[in-house]
Every structure is written in structure tokens, then in C-alpha cells.
Amino acid sequence: MNDLVIILPILLPIAGGILGLLLAKRSKIQSFIGIATSALGVLVAGLLLHTVSVHNIISLELGNWEAPFGISFIADKLAALMVGVSALVALGISIYSIDDLKASARSQWFYPLTLFLIAGVNGAFLTADLFNLYVWFEVMLIASFALMTVGGSKPQFEGGFKYVAINLVASALFLAGLGLLYGKLGTLNMADAALKLSQLEDASLVNSSAVLFLVAFSIKAGLFPFFFWLPASYHTPPIAISALFAGLLTKVGVYALLRCFTLVFTQDTSFLLGSIFVLSLATMVTGVLGAASRFDLKQILSFHIISQIGYMTLGLAIFSQLAIAAAIFYTIHHIIVKTNLFLISGIIARRTGSHSLKHIGGLYKTAPYLALLFFIPAFSLGGIPPLSGFWAKFALIKATLNEAHYWAAAIALLVGIMTLYSMTKIWGEAFWKASPNTTDTKKSEFGYSGLASYMPTIAFALITLGIGFHSQPLFSFAQEAAYQLLNPEHYINQLLSTDYVVAVTQAAP
Amino acid sequence: MELLNAIAIGAIAAACIYSLLRRSLLKFIVGIALLSQAVNLLVFTSAGLTPAAPPIIEPGMSAPPETIADPLPQALVLTAIVIGFGLLVFTLALSRRAIEAVGSDDLNNFKNTDT
């Protein structure tokens, strides 16, 4: 019974999505199904988190095929945490889009597609099989392709085409790496691959696969030389969809990097982690500079996704327990904060009729509570104590200093200041500046924000405050997750029988 | 045989990159189609080409009679072909709508969202 908990976060959204497709003509019932499924999803994710925190690591063999042969699902602490936060984001987005999609009258496919997307995301978090990971990526991608272009405005097609194109190339690279790895090892199970690779004498042969994986996941995560699709496309769809993508999708890439480079490819670490280290620093700097150059709310926020991704992968590159715990903590904090910032930028746009900072102003006077609501996630992103972003940056920079990477620490701090600069730019332009009094004729096009828009943003802001003022539980959980990642024998022994492990280790010369 | 396949993969990949870098949207799609073919062939080849019997167990036996071909890469390639085909169809539909919306199939006209 415990094991079934693993598969529920995948089955539930698929079932809800199918039901939603069947009722496509009745948008009220459909949105009810969407929200109810997401709410159930939060319960299921809570159950999974509880089970994992009791049993540490649980797994399920589909069809009772024993581990290296069948497809296995496994939930360790990192996976459970990611499933939990993705369920929260899905619920928030589902509620928020009641208003957002009423405005744009595009609701017919939104809920089923979102549920399929969540199923793909959860599948990617929970699977223990590399080819299965590829399949879940594709589930996630095809849903995101459709969501990106739903509604069909010209910028959506322009941005959406770039998004589709780069992701198809990334999938092809991932599949190529996977095929090469299978050719070398004869297995696709991650635990089995990790075990067989640890017996391998010459690890450099595997680097071709490892680098193909690195590039594929970096494209999905938006790391330095591969991020150009993100600011070109993320600002084009309706804001609820932008927020969902901004919060979750790039983090799936980060998760895949964390998983593969702590479990499978751990032989030639100096080369692989060294590359990730350099890419992370470059990502942080270019992302934040890109944000400084923009004047559109959604574009500034899109560039900030990139720079923050750099912090997460920097934690992976440093590869100490504290650093990886910081990366996990950072990921969780960032998913919540970034989703919230996008949702709030949607409320701002509806109030003022524009996303461009040049046409927004005076919100501090006319909407002081909105200002407060923006203040919390924005300054959490900038790393102001005692908000959640401060603890994330603090832990990461402490880990950097512990390993004597002083330059990296300096760059991380500098990028933090630049992030704060961008946030104060938004604050100064949108909230403090006198309203530029442009015509408000476009307002009606954006619709009206009611309770459904404010509820999720307030909830996310409260979670941010909660993580900030009481960060210990989440951080110790992240530490335990990092411990599991750095000691892959837990993962391997959970999936493979001891007889099998002994046979493999003895067969090696 | 491996060498022949490797040359074929390289040739297809080269054609794919050439098409991907063209300015026309439809040539880009041809490139994507070629890319998935090249990768499928790569998966198939790198798993090892064995000139052996198909992996079928005769009735009444518990194991196949002789050395058999590894069935897994074929299953992987089949899945990848299906997925690739679905994505290709979506991309075609998307590009049709995109050409209608933008009014051109020249990728130079697709950069309004970049800035």
C-alpha cells in the first residue's frame, strides 16, 4: 500500500486530465475538476512526503518486474519534496486561472493540459529509469507546447516556435546520450547504471553520454549558453501559464541534473562538475545583466529565472552536503517565489493595462496591499533577511566559502545585489513613481482580478514568510535529501536486490 | 555493418544540421524530422547489431534456443519513433498557424519577441 503512494501523483492528474477532456464543452465543470484534482494532488503529495519522511526512501516496481529489468518508480526525499512543491504550484495556478482565463476566454483546454503537464513533471521526478524519464519529459513537453500556444496570438506563435524547436533538439540529444549509455552498460535503470559505472575502470568513455545529458538538461533548465529560448518565449502566453512554466519547468531540468550527476555520472567529477561550475557562474551573471536591460515586467522576471538557476546548479557543482542541501532549498524557495512574482505581475497588468514599467506607476498610492504582496516575494528573491531567499543564498555562499571557492562566492554576492537592483527598479517604477497617466483603454482586455487571483498570491507569500521565519524544518529536510543524494548506495540498495548487487560487483575485474 | 550505420548517421545528422540552420521554417521542420531519424538509428546501432535469432521463446521451452538479439533497443526505438512522429505532427500544425500569424515563413521575421 505504501508503494502505491508513489504512483498516485502521476495517476491522479492523468485521470483528472482525461475527465476534463471528456467534458471540454462544459467549462465550469471542467475548471471544477481541474481545481479539485489539484487540491487532491496536494493531499496525495502530502501523503507521499509523510511516507518518505517516515521510511526515508520508497520504491515501486511496475508490473512486478524486478528492478533492473522492469520500470521502477522511486521516491527519495528530493523527489518527494519536488512533488510536494509542484502540487502546491499546480493548485495555486488552477485557482488563479479562474480569473485569468475568464478574461481571455481560452479555458477549454487549459485545465486538462495543465494536469497532463503536472503528470509529466511528477513522472520525471519519480521515475528510476532513464528511458522512462525521457518519456515523461515528452509528456511534459507536448502539454507545455500546447499550453504555450493556446489562444493563438502572434507573439505566442513566435515565442512558442522557438520553445518547441529548442526543446525538440534537447530531447534528441537526451535520447542520443541514452542510446550511447545503453550501448555501453546494457541497462537503463538509474540504480543499475550507477552500480555498473562505479565498477568501470575507464570513465572517460562515458563522458560522451554524460555531456549529451548535461547539454540536454541544461537546455531545459536554461543554463548559460542554452538559455536564449527562455526570455524569447516565457513572456508570451497568458500569465497563469507563464507562471506555471516559470515556476516548474526549468526546475525539472535542474532536478534531472541533480539526479544524474549525483547518482549516475559520478566518476569523472572534476571534468563534469567543473563544467557545471563554470556554466553556473556564467548563467548567474548573464541572467542578471539581461534582467537589468529590460523594462517589461514579465521579461525582467524571465531573465531572473536564468540567473537563479545558476545558483542552484552552483550548489550541485560544489558537491558538498551543505551545497546540495542549499541547492535543493534554493529550488523550493525559487519555485514558490517566482510563481508568485509572475502571478502578481499579472494582477499589476490587469490593474494598469500594461506589462511595461514605462506605463505603470503610482501603485503604492492606489494599491498599498498589492505593494506589500509584491514586496515579500521580490525582496525574498533579492535575498533580504529574514525572507526565504536570504537563507537559500546564505547556505549556498557558506558552502562556497567552505570549499574555498572565493571567486564564486564573490560573484554570487554580486549577482544578489544586481537582483536586488532589478527588484528595486520594479519597485521604484511600478510602485513609487507617479502614475504616467497613459490611457487605460486596454484595461478591459486584461480583465479584473478578484478573490481567485489574490488567494494564491497571498498563500504563496505566506509560505515565503513561513520558510523565511521558520526555515529549520525545510532546511533539515533538504540536508537529509542531500545526504541521500551524496550516498547513492541508499538508492541502489532500495531498487536492486543484494544478490544482484553482489553479482555485479564480483563480475567486474 | 556498424561502420555503414555510423556513416549513415553522420550523413543524416549533417543534413539535419544544414536544414536546421536554414532560414525557412519548413526546412527547419525537415531538419527536425531528420534529427529524430539520426538519433533513432544511433540508439539502434550503439546497442549493438547482432546477427542472431529474434528473441522469441518456442512453445514448451523456458528459454530461447540460441543467442538472440537484444529486444530492448528495438522497443526503445519504436517508442522514440512514435513520440517523434507525434511531436513532428504538432510542429507542422504549429508552423502552419505560425506562418499564418506572422505572414512569412522566413525565420528572420520571428524575432519580435526577443527584445
# chains A, B, ... in the order shown; residues from 1 in each chain; ligands from 1
>>> closest_atom_pairs(of="chain B", to="chain A", cutoff="10 Å", atoms="only C-alpha atoms", output="Markdown table")
| residue | atom | partner | partner_atom | distance |
| --- | --- | --- | --- | --- |
| B:Leu20 | CA | A:Ala165 | CA | 9.4 |
| B:Leu25 | CA | A:Phe161 | CA | 9.6 |
| B:Phe28 | CA | A:Ala165 | CA | 8.7 |
| B:Ile29 | CA | A:Ala165 | CA | 8.8 |
| B:Gly31 | CA | A:Val169 | CA | 10.0 |
| B:Ile32 | CA | A:Leu168 | CA | 7.4 |
| B:Ala33 | CA | A:Leu168 | CA | 9.9 |
| B:Leu35 | CA | A:Ala172 | CA | 7.0 |
| B:Ser36 | CA | A:Ala172 | CA | 6.2 |
| B:Gln37 | CA | A:Ala172 | CA | 9.5 |
| B:Ala38 | CA | A:Ala176 | CA | 9.0 |
| B:Val39 | CA | A:Ala176 | CA | 5.5 |
| B:Asn40 | CA | A:Ala176 | CA | 7.8 |
| B:Leu41 | CA | A:Ala176 | CA | 9.3 |
| B:Leu42 | CA | A:Ala176 | CA | 6.7 |
| B:Val43 | CA | A:Gly179 | CA | 4.2 |
| B:Phe44 | CA | A:Gly179 | CA | 7.4 |
| B:Thr45 | CA | A:Gly183 | CA | 8.2 |
| B:Ser46 | CA | A:Gly183 | CA | 4.9 |
| B:Ala47 | CA | A:Gly183 | CA | 4.0 |
| B:Gly48 | CA | A:Gly183 | CA | 6.6 |
| B:Asp70 | CA | A:Gly186 | CA | 9.4 |
| B:Leu72 | CA | A:Gly186 | CA | 9.3 |
| B:Pro73 | CA | A:Gly179 | CA | 8.0 |
| B:Leu76 | CA | A:Phe131 | CA | 7.7 |
| B:Val77 | CA | A:Gly179 | CA | 9.3 |
| B:Thr79 | CA | A:Val135 | CA | 8.6 |
| B:Ala80 | CA | A:Leu175 | CA | 8.3 |
| B:Ile83 | CA | A:Glu138 | CA | 7.5 |
| B:Gly84 | CA | A:Leu168 | CA | 8.8 |
| B:Gly86 | CA | A:Ile142 | CA | 8.8 |
| B:Leu87 | CA | A:Ile142 | CA | 7.2 |
| B:Leu88 | CA | A:Leu168 | CA | 9.1 |
| B:Phe90 | CA | A:Ile142 | CA | 8.3 |
| B:Thr91 | CA | A:Val164 | CA | 7.5 |
| B:Leu94 | CA | A:Phe161 | CA | 7.4 |
| B:Ser95 | CA | A:Phe161 | CA | 7.3 |
| B:Arg96 | CA | A:Phe157 | CA | 9.9 |
| B:Arg97 | CA | A:Phe157 | CA | 7.5 |
| B:Ala98 | CA | A:Phe157 | CA | 5.1 |
| B:Ile99 | CA | A:Phe157 | CA | 8.7 |
| B:Glu100 | CA | A:Lys154 | CA | 9.0 |
| B:Ala101 | CA | A:Lys154 | CA | 5.3 |
| B:Val102 | CA | A:Lys154 | CA | 6.3 |
| B:Gly103 | CA | A:Lys154 | CA | 9.8 |
| B:Leu107 | CA | A:Glu158 | CA | 9.2 |
| B:Asn109 | CA | A:Glu158 | CA | 8.8 |
| B:Phe110 | CA | A:Glu158 | CA | 5.4 |
| B:Lys111 | CA | A:Glu158 | CA | 7.2 |
| B:Asn112 | CA | A:Pro155 | CA | 7.4 |
| B:Thr113 | CA | A:Ala232 | CA | 5.4 |
| B:Asp114 | CA | A:Ala232 | CA | 4.5 |
| B:Thr115 | CA | A:Ala232 | CA | 7.5 |
>>> write_last_selection(atoms="C-alpha atoms", output="PDB file, in the first residue's frame")
ATOM      1  CA  LEU B  20      18.072  23.383 -39.129  1.00  0.00           C
ATOM      2  CA  LEU B  25      10.544  27.371 -41.362  1.00  0.00           C
ATOM      3  CA  PHE B  28      13.662  23.635 -40.241  1.00  0.00           C
ATOM      4  CA  ILE B  29      10.931  21.029 -39.824  1.00  0.00           C
ATOM      5  CA  GLY B  31      15.727  19.162 -40.147  1.00  0.00           C
ATOM      6  CA  ILE B  32      13.821  18.127 -37.021  1.00  0.00           C
ATOM      7  CA  ALA B  33      12.464  15.056 -38.811  1.00  0.00           C
ATOM      8  CA  LEU B  35      17.344  14.671 -36.459  1.00  0.00           C
ATOM      9  CA  SER B  36      14.959  12.202 -34.886  1.00  0.00           C
ATOM     10  CA  GLN B  37      15.808   9.656 -37.588  1.00  0.00           C
ATOM     11  CA  ALA B  38      19.533  10.086 -36.985  1.00  0.00           C
ATOM     12  CA  VAL B  39      19.089   9.660 -33.233  1.00  0.00           C
ATOM     13  CA  ASN B  40      16.882   6.592 -33.634  1.00  0.00           C
ATOM     14  CA  LEU B  41      19.474   4.992 -35.834  1.00  0.00           C
ATOM     15  CA  LEU B  42      22.156   5.908 -33.306  1.00  0.00           C
ATOM     16  CA  VAL B  43      20.243   4.272 -30.443  1.00  0.00           C
ATOM     17  CA  PHE B  44      19.679   1.196 -32.559  1.00  0.00           C
ATOM     18  CA  THR B  45      23.305   0.914 -33.650  1.00  0.00           C
ATOM     19  CA  SER B  46      25.007   1.739 -30.370  1.00  0.00           C
ATOM     20  CA  ALA B  47      23.082  -1.014 -28.605  1.00  0.00           C
ATOM     21  CA  GLY B  48      24.908  -3.491 -30.808  1.00  0.00           C
ATOM     22  CA  ASP B  70      18.541  -7.735 -27.663  1.00  0.00           C
ATOM     23  CA  LEU B  72      15.100  -3.658 -25.772  1.00  0.00           C
ATOM     24  CA  PRO B  73      16.739  -1.199 -28.205  1.00  0.00           C
ATOM     25  CA  LEU B  76      13.149   1.962 -27.349  1.00  0.00           C
ATOM     26  CA  VAL B  77      13.447   2.976 -30.984  1.00  0.00           C
ATOM     27  CA  THR B  79       8.728   4.305 -28.709  1.00  0.00           C
ATOM     28  CA  ALA B  80      11.034   7.077 -29.845  1.00  0.00           C
ATOM     29  CA  ILE B  83       6.953  10.115 -29.863  1.00  0.00           C
ATOM     30  CA  GLY B  84       8.989  11.781 -32.586  1.00  0.00           C
ATOM     31  CA  GLY B  86       3.640  12.936 -32.668  1.00  0.00           C
ATOM     32  CA  LEU B  87       5.935  15.870 -31.997  1.00  0.00           C
ATOM     33  CA  LEU B  88       6.595  16.315 -35.715  1.00  0.00           C
ATOM     34  CA  PHE B  90       2.401  19.036 -33.720  1.00  0.00           C
ATOM     35  CA  THR B  91       5.305  21.072 -35.058  1.00  0.00           C
ATOM     36  CA  LEU B  94       2.130  24.860 -35.190  1.00  0.00           C
ATOM     37  CA  SER B  95       4.249  26.092 -38.066  1.00  0.00           C
ATOM     38  CA  ARG B  96       1.190  26.411 -40.279  1.00  0.00           C
ATOM     39  CA  ARG B  97      -0.529  28.592 -37.682  1.00  0.00           C
ATOM     40  CA  ALA B  98       2.695  30.489 -37.068  1.00  0.00           C
ATOM     41  CA  ILE B  99       3.159  31.216 -40.777  1.00  0.00           C
ATOM     42  CA  GLU B 100      -0.430  32.447 -40.936  1.00  0.00           C
ATOM     43  CA  ALA B 101       0.012  34.648 -37.862  1.00  0.00           C
ATOM     44  CA  VAL B 102       3.379  36.107 -38.806  1.00  0.00           C
ATOM     45  CA  GLY B 103       2.669  36.203 -42.527  1.00  0.00           C
ATOM     46  CA  LEU B 107      12.691  32.930 -39.556  1.00  0.00           C
ATOM     47  CA  ASN B 109      10.570  37.680 -39.148  1.00  0.00           C
ATOM     48  CA  PHE B 110      10.224  35.646 -35.960  1.00  0.00           C
ATOM     49  CA  LYS B 111      12.350  37.802 -33.717  1.00  0.00           C
ATOM     50  CA  ASN B 112       9.826  40.314 -32.417  1.00  0.00           C
ATOM     51  CA  THR B 113       9.542  38.556 -29.059  1.00  0.00           C
ATOM     52  CA  ASP B 114      13.284  38.526 -28.473  1.00  0.00           C
ATOM     53  CA  THR B 115      13.566  42.097 -27.387  1.00  0.00           C
TER      54      THR B 115
END
>>> residues_around(residues="A:Ile35", least_positions_apart="5", cutoff="10 Å", atoms="only C-alpha atoms", output="list in words")
Gly16, Ile29, Gln30, Leu40, Gly41, Ala90, Leu91, Gly92, Ile93, Ser94, Ile95, Tyr96, Ser97, Ile98, Tyr111 and Leu115 of chain A
>>> select_by_dssp(residues="stretch 27-108 of chain B", states="helix (DSSP H, G or I)", output="PyMOL selection string")
chain B and resi 27-46+71-102+107-108
>>> write_last_selection(atoms="C-alpha atoms", output="mmCIF file, in the first residue's frame")
data_model
loop_
_atom_site.group_PDB
_atom_site.id
_atom_site.type_symbol
_atom_site.label_atom_id
_atom_site.label_comp_id
_atom_site.auth_asym_id
_atom_site.auth_seq_id
_atom_site.Cartn_x
_atom_site.Cartn_y
_atom_site.Cartn_z
ATOM 1 C CA LYS B 27 13.232 23.384 -43.970
ATOM 2 C CA PHE B 28 13.662 23.635 -40.241
ATOM 3 C CA ILE B 29 10.931 21.029 -39.824
ATOM 4 C CA VAL B 30 12.645 18.756 -42.325
ATOM 5 C CA GLY B 31 15.727 19.162 -40.147
ATOM 6 C CA ILE B 32 13.821 18.127 -37.021
ATOM 7 C CA ALA B 33 12.464 15.056 -38.811
ATOM 8 C CA LEU B 34 15.977 14.087 -39.949
ATOM 9 C CA LEU B 35 17.344 14.671 -36.459
ATOM 10 C CA SER B 36 14.959 12.202 -34.886
ATOM 11 C CA GLN B 37 15.808 9.656 -37.588
ATOM 12 C CA ALA B 38 19.533 10.086 -36.985
ATOM 13 C CA VAL B 39 19.089 9.660 -33.233
ATOM 14 C CA ASN B 40 16.882 6.592 -33.634
ATOM 15 C CA LEU B 41 19.474 4.992 -35.834
ATOM 16 C CA LEU B 42 22.156 5.908 -33.306
ATOM 17 C CA VAL B 43 20.243 4.272 -30.443
ATOM 18 C CA PHE B 44 19.679 1.196 -32.559
ATOM 19 C CA THR B 45 23.305 0.914 -33.650
ATOM 20 C CA SER B 46 25.007 1.739 -30.370
ATOM 21 C CA PRO B 71 14.869 -6.732 -27.994
ATOM 22 C CA LEU B 72 15.100 -3.658 -25.772
ATOM 23 C CA PRO B 73 16.739 -1.199 -28.205
ATOM 24 C CA GLN B 74 14.091 -2.070 -30.779
ATOM 25 C CA ALA B 75 11.390 -1.289 -28.233
ATOM 26 C CA LEU B 76 13.149 1.962 -27.349
ATOM 27 C CA VAL B 77 13.447 2.976 -30.984
ATOM 28 C CA LEU B 78 9.795 2.127 -31.625
ATOM 29 C CA THR B 79 8.728 4.305 -28.709
ATOM 30 C CA ALA B 80 11.034 7.077 -29.845
ATOM 31 C CA ILE B 81 9.648 6.877 -33.393
ATOM 32 C CA VAL B 82 6.088 7.183 -32.122
ATOM 33 C CA ILE B 83 6.953 10.115 -29.863
ATOM 34 C CA GLY B 84 8.989 11.781 -32.586
ATOM 35 C CA PHE B 85 6.148 11.373 -35.059
ATOM 36 C CA GLY B 86 3.640 12.936 -32.668
ATOM 37 C CA LEU B 87 5.935 15.870 -31.997
ATOM 38 C CA LEU B 88 6.595 16.315 -35.715
ATOM 39 C CA VAL B 89 2.877 16.467 -36.463
ATOM 40 C CA PHE B 90 2.401 19.036 -33.720
ATOM 41 C CA THR B 91 5.305 21.072 -35.058
ATOM 42 C CA LEU B 92 3.836 21.004 -38.563
ATOM 43 C CA ALA B 93 0.457 22.206 -37.292
ATOM 44 C CA LEU B 94 2.130 24.860 -35.190
ATOM 45 C CA SER B 95 4.249 26.092 -38.066
ATOM 46 C CA ARG B 96 1.190 26.411 -40.279
ATOM 47 C CA ARG B 97 -0.529 28.592 -37.682
ATOM 48 C CA ALA B 98 2.695 30.489 -37.068
ATOM 49 C CA ILE B 99 3.159 31.216 -40.777
ATOM 50 C CA GLU B 100 -0.430 32.447 -40.936
ATOM 51 C CA ALA B 101 0.012 34.648 -37.862
ATOM 52 C CA VAL B 102 3.379 36.107 -38.806
ATOM 53 C CA LEU B 107 12.691 32.930 -39.556
ATOM 54 C CA ASN B 108 14.133 36.437 -39.687
#
>>> atom_distance(atom1="atom CA of A:Met455", atom2="atom CA of A:Ser86")
17.4 Å
>>> closest_residue(among="A:Leu343, A:Met82, A:Val150, A:Leu387", to="A:Val254", atoms="only C-alpha atoms")
A:Met82
>>> residues_around(residues="A:Leu249", least_positions_apart="6", cutoff="8 Å", atoms="only C-alpha atoms", output="list in words")
Val121, Lys220 and Ala221 of chain A
>>> residues_around(residues="A:Ile463", least_positions_apart="6", cutoff="12 Å", atoms="only C-alpha atoms", output="PyMOL selection string")
chain A and resi 85+88-89+92+332-337+340+376-377+380+387-388+456-457+469-471+474
>>> decode(residues="chain B", atoms="C-alpha atoms", output="compact mmCIF listing (two decimals), in the first residue's frame")
# COMPACT_ATOMS: atom_id res chain seq x y z
CA MET B 1 27.62 -3.03 -40.71
CA GLU B 2 28.32 -0.78 -37.74
CA LEU B 3 30.63 1.31 -39.87
CA LEU B 4 27.99 1.66 -42.56
CA ASN B 5 25.41 2.67 -39.98
CA ALA B 6 27.80 5.15 -38.40
CA ILE B 7 28.42 6.79 -41.78
CA ALA B 8 24.68 6.91 -42.41
CA ILE B 9 24.05 8.50 -39.02
CA GLY B 10 26.74 11.08 -39.67
CA ALA B 11 25.33 11.89 -43.11
CA ILE B 12 21.78 12.25 -41.80
CA ALA B 13 22.95 14.39 -38.89
CA ALA B 14 24.90 16.63 -41.26
CA ALA B 15 21.85 17.04 -43.49
CA CYS B 16 19.79 17.75 -40.40
CA ILE B 17 22.08 20.49 -39.15
CA TYR B 18 22.17 22.06 -42.60
CA SER B 19 18.37 22.15 -42.71
CA LEU B 20 18.07 23.38 -39.13
CA LEU B 21 20.25 26.36 -39.95
CA ARG B 22 18.23 27.41 -42.99
CA ARG B 23 16.02 30.45 -42.68
CA SER B 24 12.89 28.79 -43.98
CA LEU B 25 10.54 27.37 -41.36
CA LEU B 26 9.61 24.32 -43.39
CA LYS B 27 13.23 23.38 -43.97
CA PHE B 28 13.66 23.63 -40.24
CA ILE B 29 10.93 21.03 -39.82
CA VAL B 30 12.64 18.76 -42.32
CA GLY B 31 15.73 19.16 -40.15
CA ILE B 32 13.82 18.13 -37.02
CA ALA B 33 12.46 15.06 -38.81
CA LEU B 34 15.98 14.09 -39.95
CA LEU B 35 17.34 14.67 -36.46
CA SER B 36 14.96 12.20 -34.89
CA GLN B 37 15.81 9.66 -37.59
CA ALA B 38 19.53 10.09 -36.99
CA VAL B 39 19.09 9.66 -33.23
CA ASN B 40 16.88 6.59 -33.63
CA LEU B 41 19.47 4.99 -35.83
CA LEU B 42 22.16 5.91 -33.31
CA VAL B 43 20.24 4.27 -30.44
CA PHE B 44 19.68 1.20 -32.56
CA THR B 45 23.30 0.91 -33.65
CA SER B 46 25.01 1.74 -30.37
CA ALA B 47 23.08 -1.01 -28.61
CA GLY B 48 24.91 -3.49 -30.81
CA LEU B 49 23.89 -5.09 -34.09
CA THR B 50 23.67 -8.83 -33.51
CA PRO B 51 23.02 -11.10 -36.49
CA ALA B 52 21.06 -13.52 -34.30
CA ALA B 53 17.63 -15.05 -33.95
CA PRO B 54 14.64 -12.98 -32.91
CA PRO B 55 14.02 -13.02 -29.15
CA ILE B 56 11.11 -15.45 -29.25
CA ILE B 57 10.73 -18.45 -26.94
CA GLU B 58 9.27 -21.52 -28.62
CA PRO B 59 6.14 -23.06 -27.08
CA GLY B 60 7.05 -25.52 -24.36
CA MET B 61 10.51 -24.06 -23.82
CA SER B 62 11.58 -21.84 -20.93
CA ALA B 63 14.48 -20.14 -22.69
CA PRO B 64 15.22 -19.14 -26.28
CA PRO B 65 17.22 -21.78 -28.17
CA GLU B 66 20.38 -19.88 -29.16
CA THR B 67 21.91 -16.42 -28.94
CA ILE B 68 19.21 -13.88 -29.56
CA ALA B 69 19.10 -10.23 -30.49
CA ASP B 70 18.54 -7.74 -27.66
CA PRO B 71 14.87 -6.73 -27.99
CA LEU B 72 15.10 -3.66 -25.77
CA PRO B 73 16.74 -1.20 -28.21
CA GLN B 74 14.09 -2.07 -30.78
CA ALA B 75 11.39 -1.29 -28.23
CA LEU B 76 13.15 1.96 -27.35
CA VAL B 77 13.45 2.98 -30.98
CA LEU B 78 9.80 2.13 -31.63
CA THR B 79 8.73 4.30 -28.71
CA ALA B 80 11.03 7.08 -29.84
CA ILE B 81 9.65 6.88 -33.39
CA VAL B 82 6.09 7.18 -32.12
CA ILE B 83 6.95 10.12 -29.86
CA GLY B 84 8.99 11.78 -32.59
CA PHE B 85 6.15 11.37 -35.06
CA GLY B 86 3.64 12.94 -32.67
CA LEU B 87 5.93 15.87 -32.00
CA LEU B 88 6.60 16.31 -35.71
CA VAL B 89 2.88 16.47 -36.46
CA PHE B 90 2.40 19.04 -33.72
CA THR B 91 5.30 21.07 -35.06
CA LEU B 92 3.84 21.00 -38.56
CA ALA B 93 0.46 22.21 -37.29
CA LEU B 94 2.13 24.86 -35.19
CA SER B 95 4.25 26.09 -38.07
CA ARG B 96 1.19 26.41 -40.28
CA ARG B 97 -0.53 28.59 -37.68
CA ALA B 98 2.69 30.49 -37.07
CA ILE B 99 3.16 31.22 -40.78
CA GLU B 100 -0.43 32.45 -40.94
CA ALA B 101 0.01 34.65 -37.86
CA VAL B 102 3.38 36.11 -38.81
CA GLY B 103 2.67 36.20 -42.53
CA SER B 104 6.01 34.76 -43.56
CA ASP B 105 7.98 31.55 -43.29
CA ASP B 106 11.28 33.41 -43.03
CA LEU B 107 12.69 32.93 -39.56
CA ASN B 108 14.13 36.44 -39.69
CA ASN B 109 10.57 37.68 -39.15
CA PHE B 110 10.22 35.65 -35.96
CA LYS B 111 12.35 37.80 -33.72
CA ASN B 112 9.83 40.31 -32.42
CA THR B 113 9.54 38.56 -29.06
CA ASP B 114 13.28 38.53 -28.47
CA THR B 115 13.57 42.10 -27.39
